[in-house]
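A.B. asks: One structure, pasted below without further comment.
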Amino acid sequence: MNLAATSLFSLEGRTALLTGASGFLGRTFARTLLSNGARLVAVGRSERLDGLAAEWAKDFGAERVRSHRVDMYDLTAFSALLDEIVTSESAIDVLVNNAHELGPNSGFNSPDGTLENAPIEHWMRHVTAGLFWPALTVQKVGPLMKEHERGSIVNISTMYAQVSPDPRLYEGTSFVNPPGYSSAKAGMVAFTRYVASFWGSYGIRANAILPGPFSNTEEAGPNSVDPADPFLIRLRAKTSLGRTGQAHELAGALLFLASEASSYVTGHALSVDGGWTAI
Amino acid sequence: MRPDVAKLFDLSGQVAVITGGCGLLGFRHAEVIAAAGGIPVLVDLGWTDPAGRAREISDRYGGKALGCSADITSPADVQALLATVLAEFGTVDILINNAANNPKVEASTGGGWSRLENFSLVMWEADIAVGLTGAFLCSQVIGAEMARRTKGVIINVASDLALISPDQRLYHQEGVRPDDQPVKPVTYSVVKTGLIGLTRYLATYWADRGVRVNAISPGGVYDGQPQEFVSRLQQLIPLSRMARVDEYQGAILFLCSEASSYMTGTNLVIDGGRSTW
């Protein structure tokens, strides 16, 4: 085995399918996969994906980037897209289930998103995004991975799969972290173990990343936080490292799990949370 | 931000103290640190030839490496170890608490010494001394030095047996009386589980001093164990195999480097899925 980091963590010659590719973390994941050698099949909803895909094609070569815009809640369209992708790709070596809905439609930062109020529409959006999307991509990509006896599935969960949000963080703010989010993401970790267990003998690995507070302070949007917001001070105080994470600090974890550097790691939930859950 | 893989995992000039550095896995940890540009310090008992093993690494990877004979259960030895490292390199950046007693009960011919009922106090104390007291002393001395310098990484090498109990049926020998059947010693589970507690304690204790502390929990490594044992163990693992000896190096490099800058207090499980079902 070549121990040089460039080789051990390389994704050269691999094809990666990434959902939620134009989101706050998704953009960083896309560049992480591309700059370490992977071909990228990027799936996302927003118009922004087109512009990003053009940038990626310019930086890494058009042949290394494929992008598809789809509303993943349109399960017929999403399913058809996945069929199209697995028919046209000779292999999918890495699958990153990153997409989730973090806006008012699923109850984030919205008064009707609370434990008392959350309607079934919110709950179903969490269950669909956190559980069914990964289940569908895994089902569709599974045959290709089995055929090649190789595959790394990385599910992006959250520390809230392991601990509850602390209500005191949200007191007196307009931020709401809805109950469906924690619940679906905890289910996602169970699903990760299930895949690891049932498909391990095919050489397919499945792991989750549990990010801590990675607040989007880089832009204004429905799930972003103003860098001067007192809410951020509360978040920082709850970590051991005394700061929130920056998106690029998930790059190492993704590369580790996606590459052969983690060839014996499966069924694991990797915490990248600045010590949030250690204390 | 375009993460550059070489830079992300680079350990150029960083000094890494590895206890049990001449052991099956300790030596591999040293290799990957050297390959990433770091300076491994192999700490082990004199008979394992730390100096010779360190030369092997510097010959192969071209950088510096140091071997130190030390008994990590002795505070004086650990103090002297730190003094030697600082005199030689002027810094210490990484500590890997890897040393532990791990007798090969899977190849045991019985006798029952490892059984709970027979396990001697002397052996209990010796195992705790190497696995836990050694990790405590190295953290107290070398970790505190890193905290003073406000930069450092500690990795504690735990085990899948920090998460699950040993399955004693793995060690069963045909034709041996029940009271003489070999078992995985109780100390192994206690030491490895204790290291997870130490990891969390140190992670929060030194979080404001720039010292990150994480654990890895490796599963069993194939090292010529009896075929019967290997085929029993494989059935307990979703990946259907034991680990290769080089499969923990990625995790070590990940946790030693800036690639894991937002990770502290965690336990990275590398067990082929054994603890997932």
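Following the order of the structure tokens, chains are lettered A, B, ..., residues in each are numbered from 1, and ligands are numbered from 1.
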Pull out every residue of chain B that has at least one atom within 7 Å of chain A, counting only C-alpha atoms, and report them as a compact mmCIF listing (two decimals) with C-alpha atoms, in the first residue's frame.

C.D. replies:
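As a result, selection.txt now contains:
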# COMPACT_ATOMS: atom_id res chain seq x y z
CA MET B 1 -11.84 26.71 -0.27
CA ARG B 2 -10.24 24.00 -2.35
CA PRO B 3 -8.91 21.36 0.02
CA VAL B 5 -5.13 16.55 -0.12
CA ALA B 6 -1.38 16.61 0.40
CA PHE B 9 -2.82 15.49 5.68
CA VAL B 32 2.41 6.49 8.03
CA ALA B 35 5.34 8.95 5.03
CA ALA B 36 3.44 12.17 5.76
CA ARG B 200 -13.34 12.20 26.50
CA THR B 204 -12.62 18.56 27.21
CA ALA B 207 -9.93 21.81 24.56
CA ASP B 208 -9.00 25.42 25.32
CA PRO B 238 -20.09 -7.73 8.07
CA LEU B 239 -17.03 -7.24 5.82
CA SER B 240 -16.40 -10.99 6.35
CA ALA B 243 -8.32 -6.31 9.14
CA GLU B 247 -5.79 -0.64 7.43
CA GLY B 250 -5.49 6.08 7.15
CA ALA B 251 -7.31 6.72 10.42
CA ALA B 259 -7.89 17.02 8.19
CA SER B 260 -9.64 16.39 11.53
CA SER B 261 -9.26 19.91 12.98
CA TYR B 262 -12.87 20.00 14.24
CA MET B 263 -12.79 16.54 15.85
CA THR B 264 -12.17 16.03 19.53
CA GLY B 265 -13.47 13.56 22.10
CA THR B 266 -14.63 11.06 19.49
CA LEU B 268 -13.42 6.30 15.47
CA VAL B 269 -14.52 2.68 15.11
CA ILE B 270 -12.64 0.60 12.53
CA ASP B 271 -14.02 -2.86 13.00
CA GLY B 272 -15.32 -4.01 9.62
CA GLY B 273 -18.79 -3.47 11.04
CA THR B 276 -23.02 -2.70 14.03
CA TRP B 277 -25.10 -5.89 14.22

A.B. asks: Residues of segment 186-234 of chain A classed as strand (DSSP E or B) by DSSP on the backbone are to be reported as a list of chain:residue names.

C.D. replies: A:Ile204, A:Arg205, A:Ala206, A:Asn207, A:Ala208, A:Ile209, A:Leu210, A:Pro211, A:Asn216, A:Ser224

A.B. asks: Of the candidates B:Ser69, B:Ser139, B:Gln227, B:Ser120, which one gets nearest to Asn97 of chain B if we count only C-alpha atoms?

C.D. replies: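 Of the candidates, the smallest distance to Asn97 of chain B is held by B:Ser139.
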
A.B. asks: Leu116 of chain B: which residues within 9 Å, counting only C-alpha atoms, same-chain residues fewer than 3 positions away excluded, as a list in words?

C.D. replies: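 Result of the neighbour search: Gly112, Trp113, Phe119, Ser120, Val183, Pro185 and Val186 of chain B.
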
A.B. asks: Would you put the residues from that selection into a file with N, CA and C atoms, as a PDB file, in the first residue's frame?

C.D. replies:
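Once written, selection07.pdb looks like this:
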ATOM      1  N   GLY B 112      -5.934 -22.452  31.193  1.00  0.00           N
ATOM      2  CA  GLY B 112      -6.960 -21.717  31.917  1.00  0.00           C
ATOM      3  C   GLY B 112      -6.466 -20.514  32.695  1.00  0.00           C
ATOM      4  N   TRP B 113      -5.193 -20.108  32.528  1.00  0.00           N
ATOM      5  CA  TRP B 113      -4.673 -18.967  33.296  1.00  0.00           C
ATOM      6  C   TRP B 113      -5.436 -17.682  32.989  1.00  0.00           C
ATOM      7  N   PHE B 119      -7.517 -15.596  37.018  1.00  0.00           N
ATOM      8  CA  PHE B 119      -6.672 -14.482  36.582  1.00  0.00           C
ATOM      9  C   PHE B 119      -5.955 -13.862  37.778  1.00  0.00           C
ATOM     10  N   SER B 120      -4.645 -13.801  37.721  1.00  0.00           N
ATOM     11  CA  SER B 120      -3.883 -13.403  38.911  1.00  0.00           C
ATOM     12  C   SER B 120      -3.888 -11.891  39.084  1.00  0.00           C
ATOM     13  N   VAL B 183      -9.596 -17.830  27.402  1.00  0.00           N
ATOM     14  CA  VAL B 183     -10.523 -16.719  27.125  1.00  0.00           C
ATOM     15  C   VAL B 183      -9.714 -15.440  26.918  1.00  0.00           C
ATOM     16  N   PRO B 185      -8.588 -12.116  28.152  1.00  0.00           N
ATOM     17  CA  PRO B 185      -8.522 -11.683  29.564  1.00  0.00           C
ATOM     18  C   PRO B 185      -9.400 -10.466  29.845  1.00  0.00           C
ATOM     19  N   VAL B 186      -9.931 -10.414  31.041  1.00  0.00           N
ATOM     20  CA  VAL B 186     -10.816  -9.322  31.472  1.00  0.00           C
ATOM     21  C   VAL B 186     -10.122  -7.968  31.361  1.00  0.00           C
TER      22      VAL B 186
END

A.B. asks: Do a neighbour search on segment 86-97 of chain A at 7 Å with only C-alpha atoms, toss out local chain neighbours closer than 5 positions, and write the hits as a PDB file with C-alpha atoms, in the first residue's frame.

C.D. replies:
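Result written to around_30.pdb:
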ATOM      1  CA  ARG A  14     -13.649   6.898  -8.983  1.00  0.00           C
ATOM      2  CA  THR A  15     -17.096   8.208  -9.761  1.00  0.00           C
ATOM      3  CA  ALA A  16     -19.033   9.877  -6.972  1.00  0.00           C
ATOM      4  CA  LEU A  17     -22.739  10.631  -6.831  1.00  0.00           C
ATOM      5  CA  LEU A  18     -23.550  13.553  -4.540  1.00  0.00           C
ATOM      6  CA  THR A  19     -27.012  14.820  -3.621  1.00  0.00           C
ATOM      7  CA  PRO A 134     -30.896   7.641   0.991  1.00  0.00           C
ATOM      8  CA  VAL A 141     -26.821   2.371  -6.942  1.00  0.00           C
ATOM      9  CA  LEU A 144     -23.572  -1.331  -9.675  1.00  0.00           C
ATOM     10  CA  MET A 145     -21.625  -1.428  -6.431  1.00  0.00           C
ATOM     11  CA  ARG A 150     -16.763  -1.995  -4.248  1.00  0.00           C
ATOM     12  CA  GLY A 151     -18.600   0.986  -2.918  1.00  0.00           C
ATOM     13  CA  SER A 152     -18.487   3.590  -0.193  1.00  0.00           C
ATOM     14  CA  ILE A 153     -21.743   5.146   0.947  1.00  0.00           C
ATOM     15  CA  VAL A 154     -21.493   8.255   3.104  1.00  0.00           C
ATOM     16  CA  ASN A 155     -24.668   9.556   4.726  1.00  0.00           C
ATOM     17  CA  ILE A 156     -24.585  13.084   6.086  1.00  0.00           C
ATOM     18  CA  ALA A 258     -14.932   7.853   0.648  1.00  0.00           C
TER      19      ALA A 258
END

A.B. asks: List as a PyMOL selection string the protein and nucleic acid residues near Ala215 of chain B, meaning an atom at most 7 Å away when only C-alpha atoms are counted, but skip any in the same chain fewer than 6 places from it.

C.D. replies: chain B and resi 155-158+196+199+266-268

A.B. asks: May I ask which of the residues B:Gly90, B:Gly46, B:Gly175, B:Gly224 is the closest one to Val15 of chain B, counting only C-alpha atoms?

C.D. replies: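 Smallest distance to Val15 of chain B is found for B:Gly90.
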
A.B. asks: Excluding same-chain residues fewer than 5 positions from segment 55-70 of chain A, what lies within 6 Å of it counting only C-alpha atoms, as a count of residues only?

C.D. replies: 7

A.B. asks: Within 6 Å of Ser159 of chain B, counting only C-alpha atoms, which residues qualify if same-chain residues fewer than 4 places away don't, as a PDB file with C-alpha atoms, in the first residue's frame?

C.D. replies:
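Output contents, as saved in out.pdb:
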ATOM      1  CA  LYS B 192      -9.700  -0.480  26.257  1.00  0.00           C
ATOM      2  CA  SER B 217     -11.282   1.342  18.059  1.00  0.00           C
ATOM      3  CA  PRO B 218      -9.641  -1.221  15.781  1.00  0.00           C
TER       4      PRO B 218
END

A.B. asks: Got a sec to tell me which of segment 83-214 of chain B DSSP assigns to helix (DSSP H, G or I), as a VMD selection string?

C.D. replies: chain B and resid 83 to 89 105 to 107 121 to 148 160 to 162 168 to 171 178 to 180 186 to 205 207 to 209

A.B. asks: Of the residues B:Val221, B:Ala129, B:Val141, B:Val78, which is the one nearest to Asp160 of chain B, using only C-alpha atoms?

C.D. replies: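 Counting only C-alpha atoms, the residue closest to Asp160 of chain B is B:Val221.
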
A.B. asks: Which value, in Å to one decimal, gives the distance between atom CA of Ile57 of chain B and atom CA of Val213 of chain B?

C.D. replies: 25.6 Å

A.B. asks: Which is closest to Leu136 of chain A among A:Leu75, A:Met188, A:Ala208, A:Ala118, if we use only C-alpha atoms?

C.D. replies: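 Smallest distance to Leu136 of chain A is found for A:Leu75.
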